[in-house]
file structure-v4.txt (compact mmCIF, C-alpha atoms)
# COMPACT_ATOMS: atom_id res chain seq x y z
CA MET A 1 -15.97 -11.58 11.65
CA THR A 2 -15.93 -14.17 8.85
CA PRO A 3 -15.15 -12.76 5.38
CA THR A 4 -17.83 -13.24 2.72
CA PRO A 5 -16.94 -15.40 -0.33
CA THR A 6 -16.82 -12.27 -2.50
CA ALA A 7 -14.55 -10.47 -0.05
CA THR A 8 -12.25 -13.50 0.05
CA LEU A 9 -12.01 -13.60 -3.75
CA VAL A 10 -11.21 -9.89 -3.92
CA ALA A 11 -8.59 -10.28 -1.19
CA ARG A 12 -6.98 -13.15 -3.10
CA ASP A 13 -6.88 -11.02 -6.26
CA TRP A 14 -5.05 -8.42 -4.20
CA ALA A 15 -2.57 -10.97 -2.85
CA GLU A 16 -2.02 -12.86 -6.11
CA ILE A 17 -2.20 -10.04 -8.68
CA GLN A 18 -2.00 -6.53 -7.28
CA GLU A 19 0.09 -6.53 -4.13
CA ARG A 20 3.42 -7.03 -5.90
CA MET A 21 2.96 -3.83 -7.94
CA LEU A 22 4.14 -1.79 -4.95
CA VAL A 23 7.30 -3.80 -4.29
CA PRO A 24 9.55 -1.07 -5.80
CA LEU A 25 8.06 1.42 -3.33
CA TYR A 26 8.55 -0.86 -0.33
CA GLU A 27 12.11 -1.71 -1.32
CA ALA A 28 13.04 1.93 -1.92
CA VAL A 29 11.74 2.89 1.52
CA TYR A 30 13.51 0.00 3.24
CA ASP A 31 16.76 0.89 1.47
CA ARG A 32 16.40 4.52 2.52
CA LEU A 33 15.79 3.52 6.16
CA GLU A 34 18.43 0.79 6.03
CA VAL A 35 15.96 -1.69 7.52
CA GLY A 36 17.72 -4.73 8.94
CA PRO A 37 18.15 -7.08 11.90
CA GLY A 38 16.92 -5.67 15.20
CA ASP A 39 14.52 -3.16 13.65
CA ARG A 40 10.86 -3.29 14.66
CA LEU A 41 8.31 -2.09 12.10
CA LEU A 42 4.58 -1.41 12.30
CA GLY A 43 2.72 -1.38 8.98
CA LEU A 44 -0.72 0.23 8.67
CA ASP A 45 -3.11 -1.20 6.06
CA CYS A 46 -0.65 -3.99 5.37
CA GLY A 47 -3.04 -5.94 3.12
CA ALA A 48 -2.08 -9.58 2.79
CA GLY A 49 1.29 -8.86 4.36
CA LEU A 50 3.77 -8.55 1.49
CA PRO A 51 5.48 -5.43 2.93
CA LEU A 52 5.90 -7.32 6.21
CA LEU A 53 7.46 -10.28 4.40
CA LEU A 54 9.92 -8.00 2.63
CA ALA A 55 10.93 -6.42 5.94
CA ALA A 56 11.29 -9.85 7.54
CA GLY A 57 13.50 -10.88 4.64
CA ARG A 58 15.89 -8.13 5.70
CA GLY A 59 15.94 -9.44 9.27
CA ALA A 60 13.48 -6.98 10.78
CA SER A 61 10.54 -7.82 13.03
CA ALA A 62 7.33 -6.56 11.41
CA THR A 63 3.77 -6.32 12.71
CA GLY A 64 0.84 -5.29 10.56
CA VAL A 65 -2.53 -3.62 11.05
CA GLU A 66 -5.28 -4.51 8.58
CA ALA A 67 -8.98 -3.76 9.04
CA ASP A 68 -10.20 -5.99 6.21
CA PRO A 69 -10.78 -9.47 7.69
CA ALA A 70 -10.22 -11.29 4.38
CA ARG A 71 -6.83 -9.69 3.80
CA ARG A 72 -5.94 -10.16 7.46
CA GLU A 73 -6.75 -13.86 7.18
CA LEU A 74 -4.46 -14.22 4.16
CA ALA A 75 -1.65 -12.43 5.99
CA ARG A 76 -2.02 -14.77 8.94
CA GLU A 77 -1.86 -17.74 6.57
CA ARG A 78 1.63 -16.45 5.79
CA LEU A 79 2.38 -16.77 9.53
CA LEU A 80 2.51 -13.00 9.98
CA GLU A 81 1.44 -11.04 13.04
CA VAL A 82 -1.42 -8.86 11.83
CA LEU A 83 -3.81 -7.01 14.12
CA ALA A 84 -7.30 -5.72 13.41
CA ALA A 85 -6.45 -2.31 14.90
CA THR A 86 -3.43 -0.40 16.15
CA PRO A 87 -2.57 -1.44 19.72
CA SER A 88 -3.41 1.39 22.11
CA PRO A 89 -1.62 1.75 24.37
CA PRO A 90 1.25 -0.11 22.64
CA THR A 91 1.50 -3.65 23.90
CA ALA A 92 5.01 -4.27 22.60
CA SER A 93 7.93 -4.70 24.95
CA ARG A 94 9.50 -1.65 23.33
CA PRO A 95 8.22 0.94 20.85
CA TYR A 96 8.50 0.44 17.10
CA ASP A 97 11.43 1.91 15.21
CA ALA A 98 9.41 2.75 12.12
CA LEU A 99 5.81 3.19 11.05
CA LEU A 100 4.82 2.48 7.44
CA ALA A 101 1.62 4.40 6.84
CA PHE A 102 1.00 4.48 3.10
CA SER A 103 -2.02 6.70 2.27
CA PRO A 104 -3.22 6.97 5.90
CA THR A 105 -6.10 9.04 7.17
CA PRO A 106 -5.10 11.66 9.76
CA ALA A 107 -7.02 9.71 12.41
CA ALA A 108 -5.26 6.43 11.63
CA LEU A 109 -1.89 8.13 11.70
CA ALA A 110 -2.61 9.82 15.02
CA SER A 111 -3.69 6.54 16.61
CA ALA A 112 -0.51 4.77 15.52
CA LEU A 113 2.10 7.40 16.42
CA PRO A 114 2.17 6.58 20.16
CA ALA A 115 3.52 3.13 19.23
CA VAL A 116 6.66 4.63 17.63
CA ARG A 117 9.75 5.55 19.63
CA ARG A 118 11.04 9.09 19.84
CA GLY A 119 13.17 9.72 16.75
CA GLY A 120 11.55 6.77 14.98
CA ALA A 121 10.72 7.00 11.29
CA VAL A 122 7.25 7.54 9.88
CA VAL A 123 6.82 6.84 6.17
CA LEU A 124 3.86 8.20 4.22
CA ALA A 125 3.25 7.53 0.54
CA ASP A 126 0.68 8.21 -2.15
CA TRP A 127 0.30 8.70 -5.88
CA GLY A 128 2.77 11.03 -7.54
CA PRO A 129 1.98 13.80 -10.08
CA ALA A 130 -1.23 13.19 -12.03
CA GLU A 131 0.54 13.44 -15.38
CA ARG A 132 2.84 10.58 -14.33
CA CYS A 133 0.16 8.23 -12.98
CA THR A 134 -1.99 6.19 -15.35
CA VAL A 135 -4.41 4.72 -12.83
CA PRO A 136 -5.85 7.83 -11.14
CA SER A 137 -5.47 10.25 -14.07
CA VAL A 138 -6.59 8.05 -16.97
CA LEU A 139 -8.62 5.28 -15.36
CA GLY A 140 -10.33 7.36 -12.68
CA GLY A 141 -8.84 5.37 -9.82
CA GLY A 142 -9.64 7.31 -6.68
CA PRO A 143 -9.21 10.86 -5.42
CA ALA A 144 -6.29 13.20 -5.96
CA PRO A 145 -3.18 12.33 -3.92
CA ARG A 146 -2.97 13.64 -0.39
CA ASP A 147 -0.66 16.50 0.55
CA LEU A 148 1.83 14.36 2.46
CA ASP A 149 3.90 17.34 3.63
CA ALA A 150 0.81 18.94 5.17
CA LEU A 151 -0.04 15.64 6.85
CA VAL A 152 3.45 15.52 8.36
CA GLU A 153 3.07 19.08 9.64
CA ARG A 154 -0.38 18.48 11.14
CA ALA A 155 0.87 15.36 12.91
CA GLY A 156 3.70 17.31 14.55
CA LEU A 157 6.41 15.25 12.86
CA ARG A 158 9.86 16.41 11.75
CA PRO A 159 10.44 16.11 7.97
CA ASP A 160 13.44 13.97 7.05
CA GLY A 161 13.44 13.54 3.28
CA SER A 162 11.30 12.33 0.42
CA GLY A 163 11.55 10.44 -2.86
CA ARG A 164 9.72 9.20 -5.94
CA VAL A 165 9.53 5.61 -7.15
CA PHE A 166 8.46 4.21 -10.50
CA CYS A 167 5.79 1.55 -9.84
CA PRO A 168 4.41 0.28 -13.14
CA PHE A 169 1.33 -1.91 -12.91
CA GLY A 170 1.86 -4.81 -15.29
CA TYR A 171 -0.70 -7.54 -15.98
CA ALA A 172 -0.85 -10.65 -18.15
CA ASP A 173 -4.09 -9.53 -19.80
CA VAL A 174 -7.08 -7.19 -19.45
CA ASP A 175 -9.00 -9.63 -17.23
CA SER A 176 -6.11 -9.79 -14.75
CA ALA A 177 -5.79 -6.01 -14.85
CA VAL A 178 -9.46 -5.51 -14.05
CA ARG A 179 -9.34 -8.01 -11.18
CA GLY A 180 -6.18 -6.46 -9.79
CA LEU A 181 -7.41 -2.89 -10.00
CA VAL A 182 -10.81 -3.75 -8.52
CA SER A 183 -9.03 -5.41 -5.58
CA THR A 184 -7.41 -2.08 -4.64
CA GLY A 185 -10.77 -0.69 -3.56
CA LEU A 186 -10.32 2.35 -5.81
CA TYR A 187 -13.58 1.56 -7.60
CA ASP A 188 -15.70 0.53 -4.60
CA ALA A 189 -17.86 3.64 -4.85
CA ALA A 190 -19.33 2.59 -8.21
CA ALA A 191 -23.12 2.28 -8.10
CA ASP A 192 -23.05 -0.65 -10.53
CA PRO A 193 -19.90 -2.78 -9.98
CA ALA A 194 -20.48 -4.89 -13.12
CA LEU A 195 -20.80 -1.78 -15.27
CA ALA A 196 -17.74 -0.26 -13.64
CA GLU A 197 -15.69 -3.37 -14.47
CA LYS A 198 -16.89 -3.27 -18.08
CA GLU A 199 -15.97 0.40 -18.42
CA LEU A 200 -12.60 -0.24 -16.79
CA ALA A 201 -11.86 -3.06 -19.25
CA GLU A 202 -12.67 -0.75 -22.15
CA ALA A 203 -10.44 1.99 -20.71
CA LEU A 204 -7.55 -0.47 -20.46
CA HIS A 205 -7.48 -1.44 -24.14
CA PRO A 206 -5.22 1.47 -25.19
CA PHE A 207 -2.63 0.12 -22.74
CA GLU A 208 -2.59 -3.41 -24.18
CA ARG A 209 0.61 -4.61 -25.81
CA SER A 210 0.82 -6.85 -28.85
CA ASP A 211 1.00 -9.96 -26.64
CA GLY A 212 -2.14 -8.96 -24.73
CA ALA A 213 -0.30 -7.76 -21.62
CA VAL A 214 -1.37 -4.50 -20.00
CA TRP A 215 1.19 -1.91 -18.87
CA LEU A 216 0.22 1.06 -16.68
CA PRO A 217 3.08 3.41 -15.71
CA ASN A 218 2.80 5.15 -12.32
CA ILE A 219 4.97 7.24 -10.04
CA PHE A 220 4.55 7.11 -6.27
CA ARG A 221 5.89 9.71 -3.85
CA TYR A 222 6.94 9.00 -0.30
CA VAL A 223 8.03 11.23 2.57
CA ILE A 224 9.96 10.28 5.67
CA ALA A 225 9.41 12.07 8.97
CA ARG A 226 10.63 11.58 12.52
CA VAL A 227 8.73 11.46 15.79
CA ALA A 228 9.74 14.48 17.85

call {"tool": "encode", "arguments": {"input": "structure-v4.txt", "output": "structure tokens"}}
result
Amino acid sequence: MTPTPTATLVARDWAEIQERMLVPLYEAVYDRLEVGPGDRLLGLDCGAGLPLLLAAGRGASATGVEADPARRELARERLLEVLAATPSPPTASRPYDALLAFSPTPAALASALPAVRRGGAVVLADWGPAERCTVPSVLGGGPAPRDLDALVERAGLRPDGSGRVFCPFGYADVDSAVRGLVSTGLYDAAADPALAEKELAEALHPFERSDGAVWLPNIFRYVIARVA
């Protein structure tokens, strides 16, 4: 499937503007898991591949799964191994040591778990408390955060810790902020995309600094579980 020009532009906005906003979350998780040489990671919804690159920088072998063809194409331009769907049954020579499944659906999580070794780590993450997150609480960016602990329980996983990470979204100006936030897909349900972007730009003005930059504080929560 060839991405449309619009989809390609949105994917590039994700890769060039938005993707880096979650680096503190990725790094905190990798530190917690002590990711390093010899580890094999599988990342669901890996976007343009930045979390895979960070894992590779620590010496790990990382494979991604990304349904969006435009983002998948960008990840492959970075010479990353990114699949359109989770391999089932796993095609790897050995199971993965960790699964990074930020904001997964129960179905996506269930389809990926067979690829993870017994005792392997499963990391889930989503927005933190509403009062600590600018994007969903003030800018109307998507639904309420999922109950990650309940998701762990339903999946039959063993809880193994959790944490919170400060992930501020910082942009050079309002235009960059709008492009970055739109690229997340949080506003895809808008009936009139142009109107939604205009309203979003207006909502961002209170967060402008004197130099025109936009600063949106957010807290993300992650949980770590183990495959039984």

call {"tool": "residues_around", "arguments": {"input": "structure-v4.txt", "residues": "stretch 149-165 of chain A", "least_positions_apart": "2", "cutoff": "7 Å", "atoms": "only C-alpha atoms", "output": "PyMOL selection string"}}
result
chain A and resi 24-25+110+147+167+219-228

call {"tool": "closest_residue", "arguments": {"input": "structure-v4.txt", "among": "A:Leu113, A:Leu53, A:Val182, A:Ala70", "to": "A:Ala7", "atoms": "all atoms listed in the file"}}
result
A:Ala70

call {"tool": "closest_residue", "arguments": {"input": "structure-v4.txt", "among": "A:Leu216, A:Leu54, A:Val178, A:Cys133", "to": "A:Asp13", "atoms": "all atoms listed in the file"}}
result
A:Val178

call {"tool": "residues_around", "arguments": {"input": "structure-v4.txt", "residues": "A:Asp175", "least_positions_apart": "2", "cutoff": "12 Å", "atoms": "all atoms listed in the file", "output": "list in words"}}
result
Asp13, Ile17, Tyr171, Ala172, Asp173, Ala177, Val178, Arg179, Gly180, Leu181, Val182, Glu197, Lys198, Leu200, Ala201, Glu202, Leu204, His205, Glu208, Gly212, Ala213 and Val214 of chain A

call {"tool": "closest_residue", "arguments": {"input": "structure-v4.txt", "among": "A:Gly185, A:Pro3, A:Gly64, A:Gly142", "to": "A:Leu100", "atoms": "only C-alpha atoms"}}
result
A:Gly64

call {"tool": "residues_around", "arguments": {"input": "structure-v4.txt", "residues": "A:Asp45", "least_positions_apart": "3", "cutoff": "8 Å", "atoms": "all atoms listed in the file", "output": "PyMOL selection string"}}
result
chain A and resi 64-67+101-102

call {"tool": "closest_residue", "arguments": {"input": "structure-v4.txt", "among": "A:Arg12, A:Arg71, A:Arg94, A:Arg20", "to": "A:Pro168", "atoms": "only C-alpha atoms"}}
result
A:Arg20

call {"tool": "axis_aligned_box", "arguments": {"input": "structure-v4.txt", "around": "stretch 3-10 of chain A", "padding_each_side": "8 Å", "output": "JSON"}}
result
{"center_x": -14.5, "center_y": -12.6, "center_z": 0.7, "size_x": 22.6, "size_y": 21.5, "size_z": 25.3}

call {"tool": "residues_around", "arguments": {"input": "structure-v4.txt", "residues": "A:Glu77", "least_positions_apart": "4", "cutoff": "10 Å", "atoms": "all atoms listed in the file", "output": "PyMOL selection string"}}
result
chain A and resi 48-49+71-73+81

call {"tool": "atom_distance", "arguments": {"input": "structure-v4.txt", "atom1": "atom CA of A:Leu99", "atom2": "atom CA of A:Leu124"}}
result
8.7 Å

call {"tool": "closest_residue", "arguments": {"input": "structure-v4.txt", "among": "A:Gln18, A:Thr6, A:Ser176, A:Ser103", "to": "A:Gly43", "atoms": "all atoms listed in the file"}}
result
A:Ser103

call {"tool": "atom_distance", "arguments": {"input": "structure-v4.txt", "atom1": "atom CA of A:Asn218", "atom2": "atom CA of A:Phe166"}}
result
6.0 Å

call {"tool": "closest_residue", "arguments": {"input": "structure-v4.txt", "among": "A:Gly170, A:Thr184, A:Ala191, A:Leu44", "to": "A:Phe207", "atoms": "all atoms listed in the file"}}
result
A:Gly170

call {"tool": "atom_distance", "arguments": {"input": "structure-v4.txt", "atom1": "atom CA of A:Ala98", "atom2": "atom CA of A:Val116"}}
result
6.4 Å
